[in-house]
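Source file entry-v3.csv; content: CSV, C-alpha atoms.
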```
chain,number,residue,atom,x,y,z
A,1,MET,CA,138.0,80.4,291.5
A,2,THR,CA,141.5,81.6,292.3
A,3,ASP,CA,141.7,83.6,295.4
A,4,LEU,CA,143.6,86.9,294.9
A,5,ASN,CA,143.3,89.8,297.2
A,6,THR,CA,144.3,93.5,296.8
A,7,GLY,CA,147.9,93.9,298.0
A,8,ASP,CA,148.9,90.2,297.5
A,9,ALA,CA,152.2,89.6,295.8
A,10,ILE,CA,152.0,87.1,293.0
A,11,PRO,CA,154.5,84.3,292.8
A,12,GLU,CA,157.8,85.5,291.4
A,13,LEU,CA,158.8,84.1,288.0
A,14,ARG,CA,162.6,83.7,287.5
A,15,VAL,CA,163.9,82.8,284.1
A,16,THR,CA,167.5,82.9,282.7
A,17,PRO,CA,167.2,82.9,278.9
A,18,ASP,CA,170.2,81.1,277.4
A,19,LYS,CA,172.4,82.5,274.7
A,20,TYR,CA,170.3,81.1,271.9
A,21,LEU,CA,166.9,81.9,273.3
A,22,PRO,CA,166.6,85.0,271.0
A,23,HIS,CA,167.1,82.8,268.0
A,24,ARG,CA,164.4,80.4,269.1
A,25,TYR,CA,162.0,83.3,269.9
A,26,ALA,CA,162.8,84.9,266.5
A,27,GLY,CA,161.8,81.6,264.9
A,28,ALA,CA,158.7,81.2,267.0
A,29,SER,CA,157.5,84.8,266.6
A,30,GLY,CA,158.8,85.7,263.1
A,31,ASP,CA,160.7,88.7,264.4
A,32,PHE,CA,164.2,88.3,262.9
A,33,ASN,CA,165.4,91.9,263.6
A,34,PRO,CA,169.2,91.4,263.7
A,35,ILE,CA,169.7,93.4,266.9
A,36,HIS,CA,168.3,90.2,268.6
A,37,ILE,CA,170.4,87.6,266.9
A,38,ASP,CA,173.6,89.1,265.4
A,39,PRO,CA,176.1,90.4,268.0
A,40,GLU,CA,178.1,92.2,265.3
A,41,PHE,CA,175.1,94.0,264.0
A,42,ALA,CA,174.0,94.9,267.5
A,43,LYS,CA,177.4,96.4,268.3
A,44,ALA,CA,177.4,98.2,265.0
A,45,VAL,CA,174.2,100.1,266.0
A,46,GLY,CA,175.6,101.0,269.4
A,47,LEU,CA,174.2,98.2,271.6
A,48,PRO,CA,176.5,96.2,274.0
A,49,SER,CA,175.5,93.0,272.2
A,50,THR,CA,172.3,91.2,271.2
A,51,ILE,CA,169.3,92.2,273.2
A,52,LEU,CA,166.1,90.2,274.1
A,53,HIS,CA,162.9,90.8,272.2
A,54,GLY,CA,160.7,93.1,274.2
A,55,LEU,CA,157.7,91.0,273.3
A,56,TYR,CA,159.5,87.9,274.6
A,57,MET,CA,159.7,89.6,278.0
A,58,MET,CA,156.1,90.6,277.6
A,59,GLY,CA,155.4,86.9,277.0
A,60,LEU,CA,157.0,86.1,280.4
A,61,VAL,CA,154.8,88.8,282.1
A,62,ALA,CA,151.8,87.2,280.4
A,63,ARG,CA,152.9,83.8,281.7
A,64,SER,CA,153.3,85.2,285.2
A,65,ALA,CA,149.9,86.9,285.3
A,66,THR,CA,148.2,83.8,283.8
A,67,ASP,CA,149.8,81.6,286.4
A,68,ALA,CA,148.7,84.0,289.2
A,69,ALA,CA,145.1,83.6,287.9
A,70,GLY,CA,145.2,79.8,288.0
A,71,GLY,CA,147.0,78.9,284.7
A,72,ASP,CA,144.1,78.9,282.2
A,73,PRO,CA,145.3,80.8,279.1
A,74,LYS,CA,141.9,82.5,278.6
A,75,ALA,CA,142.1,84.1,282.1
A,76,LEU,CA,144.3,86.9,280.8
A,77,LYS,CA,142.0,89.5,279.4
A,78,ARG,CA,144.2,92.5,278.9
A,79,LEU,CA,147.9,93.3,279.3
A,80,SER,CA,149.6,96.7,278.8
A,81,VAL,CA,153.3,97.2,279.2
A,82,GLN,CA,156.0,99.8,278.8
A,83,PHE,CA,159.4,98.7,277.5
A,84,ARG,CA,162.2,100.6,279.2
A,85,GLY,CA,165.6,99.0,279.8
A,86,MET,CA,167.0,96.6,277.3
A,87,GLY,CA,167.1,92.9,278.3
A,88,ALA,CA,170.2,90.8,277.8
A,89,PRO,CA,170.4,87.0,277.2
A,90,GLU,CA,172.2,84.9,279.9
A,91,THR,CA,171.0,87.1,282.7
A,92,GLU,CA,168.2,86.2,285.1
A,93,ILE,CA,164.9,87.9,284.6
A,94,VAL,CA,162.7,88.3,287.6
A,95,VAL,CA,159.0,89.0,287.0
A,96,SER,CA,157.1,90.2,290.1
A,97,GLY,CA,153.7,91.7,290.7
A,98,THR,CA,151.2,92.9,293.2
A,99,VAL,CA,147.4,92.7,293.0
A,100,LYS,CA,146.2,96.3,292.6
A,101,SER,CA,142.5,95.7,292.8
A,102,VAL,CA,139.8,92.9,292.7
A,103,ASP,CA,136.4,93.6,291.3
A,104,GLY,CA,134.1,90.6,291.5
A,105,GLU,CA,135.7,88.0,289.3
A,106,LYS,CA,138.3,90.4,287.8
A,107,ALA,CA,141.6,91.3,289.2
A,108,THR,CA,144.1,93.9,288.1
A,109,ILE,CA,147.8,93.1,288.7
A,110,ASP,CA,150.8,95.5,288.5
A,111,VAL,CA,153.8,93.7,287.1
A,112,VAL,CA,157.5,94.5,286.6
A,113,ALA,CA,160.2,92.5,284.8
A,114,ALA,CA,163.8,93.2,285.8
A,115,GLN,CA,167.3,92.1,285.4
A,116,GLY,CA,169.0,93.2,288.6
A,117,GLU,CA,168.3,96.9,288.9
A,118,ASN,CA,167.4,97.2,285.3
A,119,GLN,CA,163.6,97.3,284.9
A,120,THR,CA,163.1,96.0,281.4
A,121,ILE,CA,159.3,96.2,281.6
A,122,ARG,CA,157.6,98.6,283.9
A,123,ASN,CA,154.1,99.9,284.5
A,124,ALA,CA,152.7,96.6,283.3
A,125,GLU,CA,149.1,96.1,284.1
A,126,ALA,CA,147.4,92.8,283.7
A,127,GLU,CA,143.6,92.2,283.9
A,128,VAL,CA,142.7,88.6,284.7
A,129,GLN,CA,139.5,86.7,285.1
A,130,LEU,CA,139.4,84.7,288.4
B,1,MET,CA,161.9,118.8,262.3
B,2,THR,CA,158.4,117.8,263.2
B,3,VAL,CA,156.6,114.5,262.7
B,4,LYS,CA,154.3,114.1,259.8
B,5,THR,CA,150.7,113.4,260.8
B,6,GLU,CA,148.8,112.8,257.5
B,7,ALA,CA,148.8,109.1,258.1
B,8,VAL,CA,146.7,109.3,261.2
B,9,GLY,CA,143.5,107.4,260.6
B,10,LYS,CA,145.0,105.5,257.6
B,11,GLU,CA,144.2,101.8,257.4
B,12,TRP,CA,146.1,99.0,255.6
B,13,PRO,CA,144.9,95.8,253.9
B,14,ALA,CA,144.0,92.9,256.1
B,15,THR,CA,146.3,89.9,256.5
B,16,THR,CA,145.1,86.3,257.0
B,17,TYR,CA,146.9,83.8,259.3
B,18,GLU,CA,145.9,80.1,259.8
B,19,VAL,CA,146.8,79.0,263.3
B,20,GLY,CA,148.6,75.7,263.4
B,21,LYS,CA,149.2,73.2,266.3
B,22,GLU,CA,152.9,72.9,265.9
B,23,LYS,CA,153.5,76.6,265.6
B,24,ILE,CA,151.6,77.1,268.9
B,25,GLY,CA,153.9,74.5,270.5
B,26,GLU,CA,157.0,76.2,269.1
B,27,TYR,CA,155.9,79.5,270.5
B,28,ALA,CA,154.9,78.0,273.9
B,29,ARG,CA,158.2,76.3,274.2
B,30,ALA,CA,160.1,79.5,273.4
B,31,VAL,CA,158.5,81.4,276.3
B,32,GLY,CA,158.7,78.4,278.6
B,33,LEU,CA,155.0,77.4,278.9
B,34,ASP,CA,154.3,73.8,279.9
B,35,ASN,CA,150.4,73.8,280.0
B,36,GLN,CA,149.5,70.8,277.9
B,37,ALA,CA,146.6,72.7,276.4
B,38,HIS,CA,149.2,74.4,274.2
B,39,PHE,CA,150.6,71.1,272.9
B,40,ASP,CA,148.0,68.3,273.1
B,41,ARG,CA,144.6,68.2,271.5
B,42,GLU,CA,143.0,66.0,274.1
B,43,ALA,CA,144.4,68.1,277.0
B,44,ALA,CA,143.0,71.2,275.2
B,45,LYS,CA,139.6,69.7,274.8
B,46,ALA,CA,139.6,68.5,278.4
B,47,ALA,CA,140.3,72.2,279.4
B,48,GLY,CA,137.2,73.2,277.3
B,49,TYR,CA,138.9,74.4,274.1
B,50,ARG,CA,137.9,73.5,270.5
B,51,ASP,CA,141.5,72.5,269.7
B,52,VAL,CA,145.0,73.2,270.9
B,53,VAL,CA,144.9,76.7,272.3
B,54,ALA,CA,147.4,79.5,271.6
B,55,PRO,CA,148.9,81.3,274.6
B,56,PRO,CA,147.5,84.9,274.7
B,57,MET,CA,150.8,86.4,273.6
B,58,PHE,CA,150.9,84.2,270.5
B,59,CYS,CA,148.8,87.0,269.1
B,60,VAL,CA,152.1,88.7,268.0
B,61,VAL,CA,152.6,85.8,265.5
B,62,TYR,CA,149.3,86.4,263.7
B,63,SER,CA,148.8,90.1,264.2
B,64,ALA,CA,152.2,91.6,263.6
B,65,PRO,CA,152.3,90.8,259.9
B,66,ALA,CA,149.4,93.3,259.4
B,67,LEU,CA,151.6,96.0,261.0
B,68,GLY,CA,154.5,95.6,258.6
B,69,PRO,CA,153.0,97.6,255.7
B,70,ALA,CA,151.9,100.3,258.2
B,71,MET,CA,155.3,100.7,259.7
B,72,PHE,CA,157.1,100.8,256.4
B,73,ASP,CA,154.6,103.2,254.8
B,74,PRO,CA,156.4,106.4,253.5
B,75,GLU,CA,153.4,108.4,254.5
B,76,VAL,CA,154.1,107.3,258.1
B,77,GLY,CA,157.8,108.1,257.6
B,78,MET,CA,159.2,106.4,260.7
B,79,ASN,CA,163.0,106.6,261.1
B,80,PHE,CA,163.8,102.9,261.9
B,81,ALA,CA,167.4,103.6,262.9
B,82,ALA,CA,166.2,105.6,265.9
B,83,MET,CA,163.0,103.6,266.7
B,84,VAL,CA,162.3,101.6,269.8
B,85,HIS,CA,159.2,99.6,270.7
B,86,GLY,CA,157.9,101.8,273.5
B,87,ALA,CA,154.7,100.3,274.7
B,88,GLN,CA,152.2,97.5,273.9
B,89,GLU,CA,148.7,96.6,274.9
B,90,PHE,CA,146.6,93.7,274.1
B,91,GLU,CA,143.0,93.0,274.9
B,92,TRP,CA,141.9,89.4,274.3
B,93,GLY,CA,138.5,88.1,273.4
B,94,GLU,CA,137.8,84.6,271.9
B,95,PRO,CA,140.8,82.4,272.4
B,96,ALA,CA,142.8,81.5,269.2
B,97,CYS,CA,142.9,77.7,268.6
B,98,SER,CA,144.7,75.5,266.1
B,99,GLY,CA,142.7,75.6,262.8
B,100,ASP,CA,141.5,79.1,263.2
B,101,GLU,CA,141.8,81.5,260.3
B,102,ILE,CA,142.5,85.0,261.8
B,103,ILE,CA,142.1,88.2,259.8
B,104,THR,CA,144.0,91.2,261.1
B,105,THR,CA,143.6,94.8,260.0
B,106,SER,CA,145.8,97.7,261.1
B,107,LYS,CA,145.2,101.4,261.5
B,108,CYS,CA,147.3,104.4,262.5
B,109,LEU,CA,145.7,105.8,265.7
B,110,GLU,CA,148.0,108.7,266.6
B,111,ILE,CA,151.3,110.4,265.6
B,112,PHE,CA,152.6,113.1,267.9
B,113,GLU,CA,155.7,114.7,269.2
B,114,LYS,CA,156.7,114.9,272.9
B,115,ASP,CA,160.0,115.8,274.5
B,116,GLY,CA,161.8,115.7,271.1
B,117,LYS,CA,160.5,112.2,270.4
B,118,GLY,CA,158.0,111.0,267.9
B,119,PHE,CA,155.2,108.7,269.1
B,120,TYR,CA,153.6,106.4,266.5
B,121,VAL,CA,150.6,104.5,267.7
B,122,PHE,CA,149.0,101.8,265.6
B,123,GLU,CA,146.0,99.5,266.3
B,124,THR,CA,145.5,96.0,265.1
B,125,ARG,CA,142.2,94.1,265.3
B,126,SER,CA,142.1,90.4,264.8
B,127,VAL,CA,138.9,88.4,264.2
B,128,ASN,CA,138.5,84.7,263.6
B,129,GLN,CA,136.5,82.8,260.9
B,130,ASP,CA,133.3,83.2,262.9
B,131,GLY,CA,133.7,87.0,263.1
B,132,ASP,CA,134.6,87.0,266.8
B,133,GLU,CA,137.2,89.4,267.9
B,134,VAL,CA,140.3,87.5,269.1
B,135,VAL,CA,142.6,90.4,270.1
B,136,LYS,CA,143.0,94.1,269.8
B,137,GLY,CA,146.5,95.4,269.9
B,138,THR,CA,147.8,98.9,270.5
B,139,TRP,CA,151.5,99.3,269.4
B,140,THR,CA,153.5,102.3,270.4
B,141,ASN,CA,156.8,103.0,268.6
B,142,ILE,CA,159.0,105.8,269.8
B,143,VAL,CA,161.5,107.6,267.5
B,144,ARG,CA,164.2,109.6,269.2
B,145,GLY,CA,165.4,112.9,267.8
B,146,VAL,CA,162.6,113.8,265.4
```
Whole structure, structure tokens version:
Amino acid sequence: MTDLNTGDAIPELRVTPDKYLPHRYAGASGDFNPIHIDPEFAKAVGLPSTILHGLYMMGLVARSATDAAGGDPKALKRLSVQFRGMGAPETEIVVSGTVKSVDGEKATIDVVAAQGENQTIRNAEAEVQL
Amino acid sequence: MTVKTEAVGKEWPATTYEVGKEKIGEYARAVGLDNQAHFDREAAKAAGYRDVVAPPMFCVVYSAPALGPAMFDPEVGMNFAAMVHGAQEFEWGEPACSGDEIITTSKCLEIFEKDGKGFYVFETRSVNQDGDEVVKGTWTNIVRGV
């Protein structure tokens, strides 16, 4: 059983998605919204350029919470997130979290994903089985 | 302008998705997972799974198609040009493994207006071939300037 205690910080996950990551994620997920893969389209709708898929960043949050619980994919029981800032490719994403509570074999972890000061995912709460 | 709410409670036809080993691997590589249980049958079985196991967030691959008709339904009437994916929640049950046939239904839970924004909340429920619930998703889309 993984040992997590209330107040513990979980290991930080740092990932810098390369320029073509949104293309690979689009293929993997089936979400080909052009705001993620076509810079001209993204600019035409008022974005600085292509943006990361929110669900890709949620995937990183899931990865971080799963790792904190020992790495077994079925350890993650629930994950809720709010998408706020837009994520950009070629910029480091830092996923960090703190154990909010531990109840028997279940722990609740508060998680944030950010690019610098820009919190792309906030108020994320993961429930994991220890 | 106010949001239309007649679609609240509406359900849309189920979609079926057959989970495949290579698709799981493609998704796992895209999000940077290296657990061999997502790639290798023997590693998955050694970890106690029936077959290569999907990462939890792979649920977007098999559950999102059920949401398409809901989001594009004129009765829902979402303005896509001003829409953002505001929030997301998943609750997982039985893990999804290669070879599973997953059936997903979608339903409109809530439509409401707050601070000049329209909130459209949908639920998807995915069950496998044995009738076990694999994941329940709550999808919140926010439309500015309704």
For chain B versus chain A, which residues have an atom no more than 6 Å away, and what is each residue's nearest atom pair and distance in Å rounded to one decimal, using all atoms listed in the file, chain-then-number order, as JSON lines?
```
{"residue": "B:Glu26", "atom": "CA", "partner": "A:Ala28", "partner_atom": "CA", "distance": 5.7}
{"residue": "B:Tyr27", "atom": "CA", "partner": "A:Ala28", "partner_atom": "CA", "distance": 4.8}
{"residue": "B:Ala30", "atom": "CA", "partner": "A:Tyr25", "partner_atom": "CA", "distance": 5.5}
{"residue": "B:Pro55", "atom": "CA", "partner": "A:Pro73", "partner_atom": "CA", "distance": 5.8}
{"residue": "B:Met57", "atom": "CA", "partner": "A:Gly59", "partner_atom": "CA", "distance": 5.7}
{"residue": "B:Val61", "atom": "CA", "partner": "A:Ser29", "partner_atom": "CA", "distance": 5.1}
{"residue": "B:Gly86", "atom": "CA", "partner": "A:Phe83", "partner_atom": "CA", "distance": 5.3}
{"residue": "B:Ala87", "atom": "CA", "partner": "A:Gln82", "partner_atom": "CA", "distance": 4.3}
{"residue": "B:Gln88", "atom": "CA", "partner": "A:Val81", "partner_atom": "CA", "distance": 5.4}
{"residue": "B:Glu89", "atom": "CA", "partner": "A:Ser80", "partner_atom": "CA", "distance": 4.0}
{"residue": "B:Phe90", "atom": "CA", "partner": "A:Leu79", "partner_atom": "CA", "distance": 5.4}
{"residue": "B:Glu91", "atom": "CA", "partner": "A:Arg78", "partner_atom": "CA", "distance": 4.2}
{"residue": "B:Trp92", "atom": "CA", "partner": "A:Lys77", "partner_atom": "CA", "distance": 5.1}
```
What does the distance between atom CA of B:Ala66 and atom CA of B:Asn128 come to in Å, to one decimal place?
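Result for atom CA of B:Ala66 versus atom CA of B:Asn128: 14.5 Å, one decimal.
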Residues within 7 Å of stretch 95-106 of chain B, please, as a ChimeraX atom specification. Count all atoms listed in the file; anything in the same chain fewer than 4 positions from it doesn't count.
/A:74 /B:11-21,50-54,63,66-67,122-129,134
Enter the distance from atom CA of B:Asn79 to atom CA of B:Phe112, in Å, rounded to one decimal.
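Atom CA of B:Phe112 lies 14.0 Å from atom CA of B:Asn79.
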Just the residues within 9 Å of stretch 86-96 of chain A, please, counting all atoms listed in the file, with nothing from its chain fewer than 5 positions along; format it as a PDB file with C-alpha atoms, keeping the file's coordinate frame.
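This went into result-v3.pdb:
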```pdb
ATOM      1  CA  ALA A   9     152.200  89.600 295.800  1.00  0.00           C
ATOM      2  CA  ILE A  10     152.000  87.100 293.000  1.00  0.00           C
ATOM      3  CA  PRO A  11     154.500  84.300 292.800  1.00  0.00           C
ATOM      4  CA  GLU A  12     157.800  85.500 291.400  1.00  0.00           C
ATOM      5  CA  LEU A  13     158.800  84.100 288.000  1.00  0.00           C
ATOM      6  CA  ARG A  14     162.600  83.700 287.500  1.00  0.00           C
ATOM      7  CA  VAL A  15     163.900  82.800 284.100  1.00  0.00           C
ATOM      8  CA  THR A  16     167.500  82.900 282.700  1.00  0.00           C
ATOM      9  CA  PRO A  17     167.200  82.900 278.900  1.00  0.00           C
ATOM     10  CA  ASP A  18     170.200  81.100 277.400  1.00  0.00           C
ATOM     11  CA  LYS A  19     172.400  82.500 274.700  1.00  0.00           C
ATOM     12  CA  TYR A  20     170.300  81.100 271.900  1.00  0.00           C
ATOM     13  CA  LEU A  21     166.900  81.900 273.300  1.00  0.00           C
ATOM     14  CA  PRO A  22     166.600  85.000 271.000  1.00  0.00           C
ATOM     15  CA  SER A  49     175.500  93.000 272.200  1.00  0.00           C
ATOM     16  CA  THR A  50     172.300  91.200 271.200  1.00  0.00           C
ATOM     17  CA  ILE A  51     169.300  92.200 273.200  1.00  0.00           C
ATOM     18  CA  LEU A  52     166.100  90.200 274.100  1.00  0.00           C
ATOM     19  CA  HIS A  53     162.900  90.800 272.200  1.00  0.00           C
ATOM     20  CA  GLY A  54     160.700  93.100 274.200  1.00  0.00           C
ATOM     21  CA  MET A  57     159.700  89.600 278.000  1.00  0.00           C
ATOM     22  CA  LEU A  60     157.000  86.100 280.400  1.00  0.00           C
ATOM     23  CA  VAL A  61     154.800  88.800 282.100  1.00  0.00           C
ATOM     24  CA  SER A  64     153.300  85.200 285.200  1.00  0.00           C
ATOM     25  CA  ASP A 110     150.800  95.500 288.500  1.00  0.00           C
ATOM     26  CA  VAL A 111     153.800  93.700 287.100  1.00  0.00           C
ATOM     27  CA  VAL A 112     157.500  94.500 286.600  1.00  0.00           C
ATOM     28  CA  ALA A 113     160.200  92.500 284.800  1.00  0.00           C
ATOM     29  CA  ALA A 114     163.800  93.200 285.800  1.00  0.00           C
ATOM     30  CA  GLN A 115     167.300  92.100 285.400  1.00  0.00           C
ATOM     31  CA  GLY A 116     169.000  93.200 288.600  1.00  0.00           C
ATOM     32  CA  ASN A 118     167.400  97.200 285.300  1.00  0.00           C
ATOM     33  CA  GLN A 119     163.600  97.300 284.900  1.00  0.00           C
ATOM     34  CA  THR A 120     163.100  96.000 281.400  1.00  0.00           C
ATOM     35  CA  ILE A 121     159.300  96.200 281.600  1.00  0.00           C
TER      36      ILE A 121
END
```
To one decimal place in Å, what is the distance between atom CA of B:Leu109 and atom CA of B:Ala64?
15.8 Å
